[in-house]
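Have a look at the structure below, then the notes.
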Amino acid sequence: MYSIIYIWYSFINNTQMNKFVSLADARYRLAGLSLTLTGIILFIVLRCLDYRYEGNWETRIFMINHYVIILGLVMLTYSKERRDDERVQRIRYAVLKLSYVWTLSGIAIYMVISTLDRVAFNIYWIAYIMEGMLVLYQILFRIFLATNPEWIFREGIPARRSFLVLFACLVFLIGWIIYVVVYYRVMT
Amino acid sequence: MKNTVKVERAKRNITQAELADALDVSRLTIHSIEAGKFNPSVQLALKMAHYFHVRVEDLFVLE
């Protein structure tokens with residue numbers, strides 16, 4: 001939600017996020033990285049040990065594990081770089097849009113090729129999608145920071161176009177969910 | 001937009017890293033500006049012009 005407000009704010013103000021300074025300080029990156037790595041190591045260890053848990057404790061423990069990973073990734077995503085200048089902000093803005101569009105497109109395509117009754121809507125899926133999107137963001141952000149691709153800095157139409165694609169994906173996804181839920185309610 | 005940042009930097013014999021430190025940006029930002037990949041904001045362009053003691057329109061020229 002925060003990211004959508006982030007993109008929306010920069011779009012309506014046409015600032016490319018130059019004036020949006022509510023990111024956390026650079027030192028939170030280290031905390032975020034530590035949390036993420038701790039979560040991932042815990043996840044691997046828990047999977048390797050393959051404990052038998054009583055009641056719903058397995059779900060609870062793994063969900064706490066996912067919360068730690070997601071919290072770490074969010075801290076990594078929403079903290080500044082050491083030198084957070086306008087080039088970095090431009091890249092961040094472009095990569096945020098890209099990772100949102102790709103994730104939403106992926107979900108939309110998956111929902112179209114399958115049907116809602118076959119989609120496992122458990123809490124793990126939501127955690128995996130969030131983690132996947134944040135990891136995708138981190139990978140693309142680091143690659144683009146190092147490679148400096150020219151297309152990111154092109155101004156005008158591409159920025160507007162990618163926002164419209166993102167908006168279309170969101171509308172499509174919401175519309176599809178409403179359609180399928182209504183369809184199943186009426187037909188069953 | 002063309003710029004003469006590289007020329008001005010060469011005249012003063014300073015590295016990209018030194019210029020980046022002086023302007024509080026990353027070295028890659030200076031590299032991107034020199035390569036013509038990235039157009040800086042008015043604020044950064046003014047800071048650069050002030051640093052080199054030249055006018056902004058001498059540093060950045062519309063093609």
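Chain labels run A, B, ... following the order of the structure tokens; each chain numbers its residues from 1, and ligands are numbered from 1 in the order shown.
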
Which residues of chain A come within 8 Å of chain B, and for each one, what is the closest pair of atoms and their distance in Å to one decimal, counting only C-alpha atoms, sorted by chain and residue number, as a tab-separated table?
residue	atom	partner	partner_atom	distance
A:Arg83	CA	B:Ser26	CA	5.9
A:Asp84	CA	B:Val25	CA	7.5
A:Asp85	CA	B:Val25	CA	5.6
A:Glu86	CA	B:Pro40	CA	7.7
A:Arg87	CA	B:Thr29	CA	6.1
A:Asn148	CA	B:Ser32	CA	7.4
A:Glu150	CA	B:Lys37	CA	5.4
A:Phe153	CA	B:Phe38	CA	5.7
A:Arg154	CA	B:Phe38	CA	7.9

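The shell of residues at most 10 Å from A:Leu136, with only C-alpha atoms counted and near chain neighbours (fewer than 4 positions) removed, consists of Val95, Leu96, Leu98, Ser99, Tyr100, Trp102, Thr103, Met130, Glu131, Gly132, Leu140 and Phe141 of chain A.
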
**OP:** Pick out each residue of stretch 54-126 of chain A that DSSP on the backbone tags as alpha helix (DSSP H); I need them as a PyMOL selection string.
**Re:** chain A and resi 57-77+86-113+123-126

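Atom CA of A:Arg92 sits 8.9 Å away from atom CA of A:Leu145.
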
**OP:** Excluding B:Asn3 and any residue of its chain fewer than 3 positions from it, enumerate the residues within 9 Å of it, using only C-alpha atoms, and give them as a ChimeraX atom specification.
**Re:** /B:6-7,33-36,58-62

For the residues in the current selection, export N, CA and C atoms as a compact mmCIF listing (two decimals), in the first residue's frame.
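Once everything was written out, this is again-v1.txt:
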# COMPACT_ATOMS: atom_id res chain seq x y z
N LYS B 6 32.76 17.01 -18.87
CA LYS B 6 34.04 16.28 -18.98
C LYS B 6 35.18 17.25 -19.33
N VAL B 7 34.87 18.19 -20.22
CA VAL B 7 35.89 19.16 -20.64
C VAL B 7 36.29 20.04 -19.45
N ILE B 33 26.01 11.57 -16.37
CA ILE B 33 25.81 12.92 -16.93
C ILE B 33 26.80 13.17 -18.07
N GLU B 34 28.04 12.81 -17.84
CA GLU B 34 29.07 13.01 -18.88
C GLU B 34 28.77 12.20 -20.14
N ALA B 35 28.25 11.01 -19.93
CA ALA B 35 27.94 10.13 -21.07
C ALA B 35 26.67 10.55 -21.78
N GLY B 36 25.96 11.52 -21.21
CA GLY B 36 24.72 12.00 -21.82
C GLY B 36 23.53 11.10 -21.58
N ASP B 58 26.47 27.44 -20.47
CA ASP B 58 27.76 27.06 -21.08
C ASP B 58 28.08 25.59 -20.79
N LEU B 59 27.56 25.13 -19.67
CA LEU B 59 27.83 23.74 -19.25
C LEU B 59 26.86 22.77 -19.93
N PHE B 60 25.61 23.19 -20.04
CA PHE B 60 24.57 22.33 -20.66
C PHE B 60 23.96 23.08 -21.85
N VAL B 61 24.03 22.41 -23.00
CA VAL B 61 23.55 23.05 -24.24
C VAL B 61 22.49 22.17 -24.89
N LEU B 62 21.37 22.81 -25.26
CA LEU B 62 20.32 22.06 -25.97
C LEU B 62 20.78 21.75 -27.39

**OP:** Just the residues within 10 Å of stretch 49-54 of chain B, please, counting only C-alpha atoms, with nothing from its chain fewer than 2 positions along; format it as a count of residues only.
**Re:** 18

Original post:
Hey, what does DSSP flag as strand (DSSP E or B) within chain B? Can you give it to me as a list in words?
Top reply: Lys2, Asn3, Phe60 and Val61 of chain B

Could you write out that same residue set with N, CA, C and O atoms as a tab-separated table (two decimals), in the first residue's frame?
chain	number	residue	atom	x	y	z
B	2	LYS	N	23.45	18.32	-24.71
B	2	LYS	CA	24.90	18.07	-24.63
B	2	LYS	C	25.45	18.79	-23.40
B	2	LYS	O	24.84	19.73	-22.91
B	3	ASN	N	26.59	18.31	-22.94
B	3	ASN	CA	27.21	19.04	-21.82
B	3	ASN	C	28.74	19.01	-21.94
B	3	ASN	O	29.30	18.15	-22.64
B	60	PHE	N	25.61	23.19	-20.04
B	60	PHE	CA	24.57	22.33	-20.66
B	60	PHE	C	23.96	23.08	-21.85
B	60	PHE	O	23.45	24.19	-21.70
B	61	VAL	N	24.03	22.41	-23.00
B	61	VAL	CA	23.55	23.05	-24.24
B	61	VAL	C	22.49	22.17	-24.89
B	61	VAL	O	22.68	20.96	-25.03

Just want the 9 Å neighbourhood of stretch 165-179 of chain A, counted on only C-alpha atoms, with same-chain residues fewer than 5 positions away dropped. Output as a short mmCIF file (atom, residue, chain, number, x, y, z; two decimals) with N, CA, C and O atoms, in the first residue's frame.
data_model
loop_
_atom_site.label_atom_id
_atom_site.label_comp_id
_atom_site.auth_asym_id
_atom_site.auth_seq_id
_atom_site.Cartn_x
_atom_site.Cartn_y
_atom_site.Cartn_z
N LYS A 97 8.05 0.47 -10.24
CA LYS A 97 6.98 0.29 -11.21
C LYS A 97 7.12 -1.05 -11.92
O LYS A 97 6.15 -1.79 -12.07
N LEU A 98 8.36 -1.36 -12.34
CA LEU A 98 8.61 -2.62 -13.06
C LEU A 98 8.23 -3.83 -12.22
O LEU A 98 7.53 -4.73 -12.68
N TYR A 100 6.24 -4.03 -9.69
CA TYR A 100 4.79 -4.11 -9.47
C TYR A 100 4.07 -4.65 -10.70
O TYR A 100 3.22 -5.52 -10.60
N VAL A 101 4.47 -4.10 -11.85
CA VAL A 101 3.80 -4.51 -13.10
C VAL A 101 4.04 -6.00 -13.35
O VAL A 101 3.11 -6.74 -13.67
N TRP A 102 5.27 -6.45 -13.18
CA TRP A 102 5.59 -7.86 -13.44
C TRP A 102 4.87 -8.78 -12.47
O TRP A 102 4.35 -9.82 -12.86
N LEU A 104 2.06 -8.13 -10.70
CA LEU A 104 0.62 -8.11 -10.95
C LEU A 104 0.27 -8.82 -12.26
O LEU A 104 -0.73 -9.55 -12.32
N SER A 105 1.12 -8.65 -13.27
CA SER A 105 0.87 -9.35 -14.54
C SER A 105 0.96 -10.85 -14.34
O SER A 105 0.14 -11.60 -14.88
N ILE A 107 0.42 -12.57 -11.57
CA ILE A 107 -0.76 -13.04 -10.83
C ILE A 107 -1.97 -13.08 -11.77
O ILE A 107 -2.74 -14.05 -11.78
N ALA A 108 -2.13 -11.99 -12.55
CA ALA A 108 -3.27 -11.92 -13.46
C ALA A 108 -3.25 -13.05 -14.48
O ALA A 108 -4.27 -13.71 -14.72
N MET A 111 -4.09 -16.32 -12.85
CA MET A 111 -5.52 -16.45 -12.55
C MET A 111 -6.35 -16.69 -13.80
O MET A 111 -7.39 -17.33 -13.75
N VAL A 112 -5.88 -16.14 -14.93
CA VAL A 112 -6.62 -16.35 -16.18
C VAL A 112 -6.44 -17.78 -16.67
O VAL A 112 -7.41 -18.44 -17.06
N LEU A 116 -10.32 -19.81 -10.30
CA LEU A 116 -10.16 -19.41 -8.90
C LEU A 116 -10.23 -20.59 -7.92
O LEU A 116 -9.56 -20.60 -6.89
N ARG A 160 4.74 7.56 -18.29
CA ARG A 160 3.28 7.60 -18.27
C ARG A 160 2.71 6.24 -18.71
O ARG A 160 1.76 5.75 -18.14
N TYR A 184 -19.04 -17.52 -8.89
CA TYR A 184 -19.12 -18.70 -8.04
C TYR A 184 -20.24 -18.62 -7.01
O TYR A 184 -20.88 -19.60 -6.68
#

**OP:** Compile the contact shell of stretch 67-69 of chain A as a ChimeraX atom specification: residues with an atom at most 7 Å away, counting only C-alpha atoms, same-chain residues fewer than 4 positions apart removed.
**Re:** /A:35-36,39-40,63,73
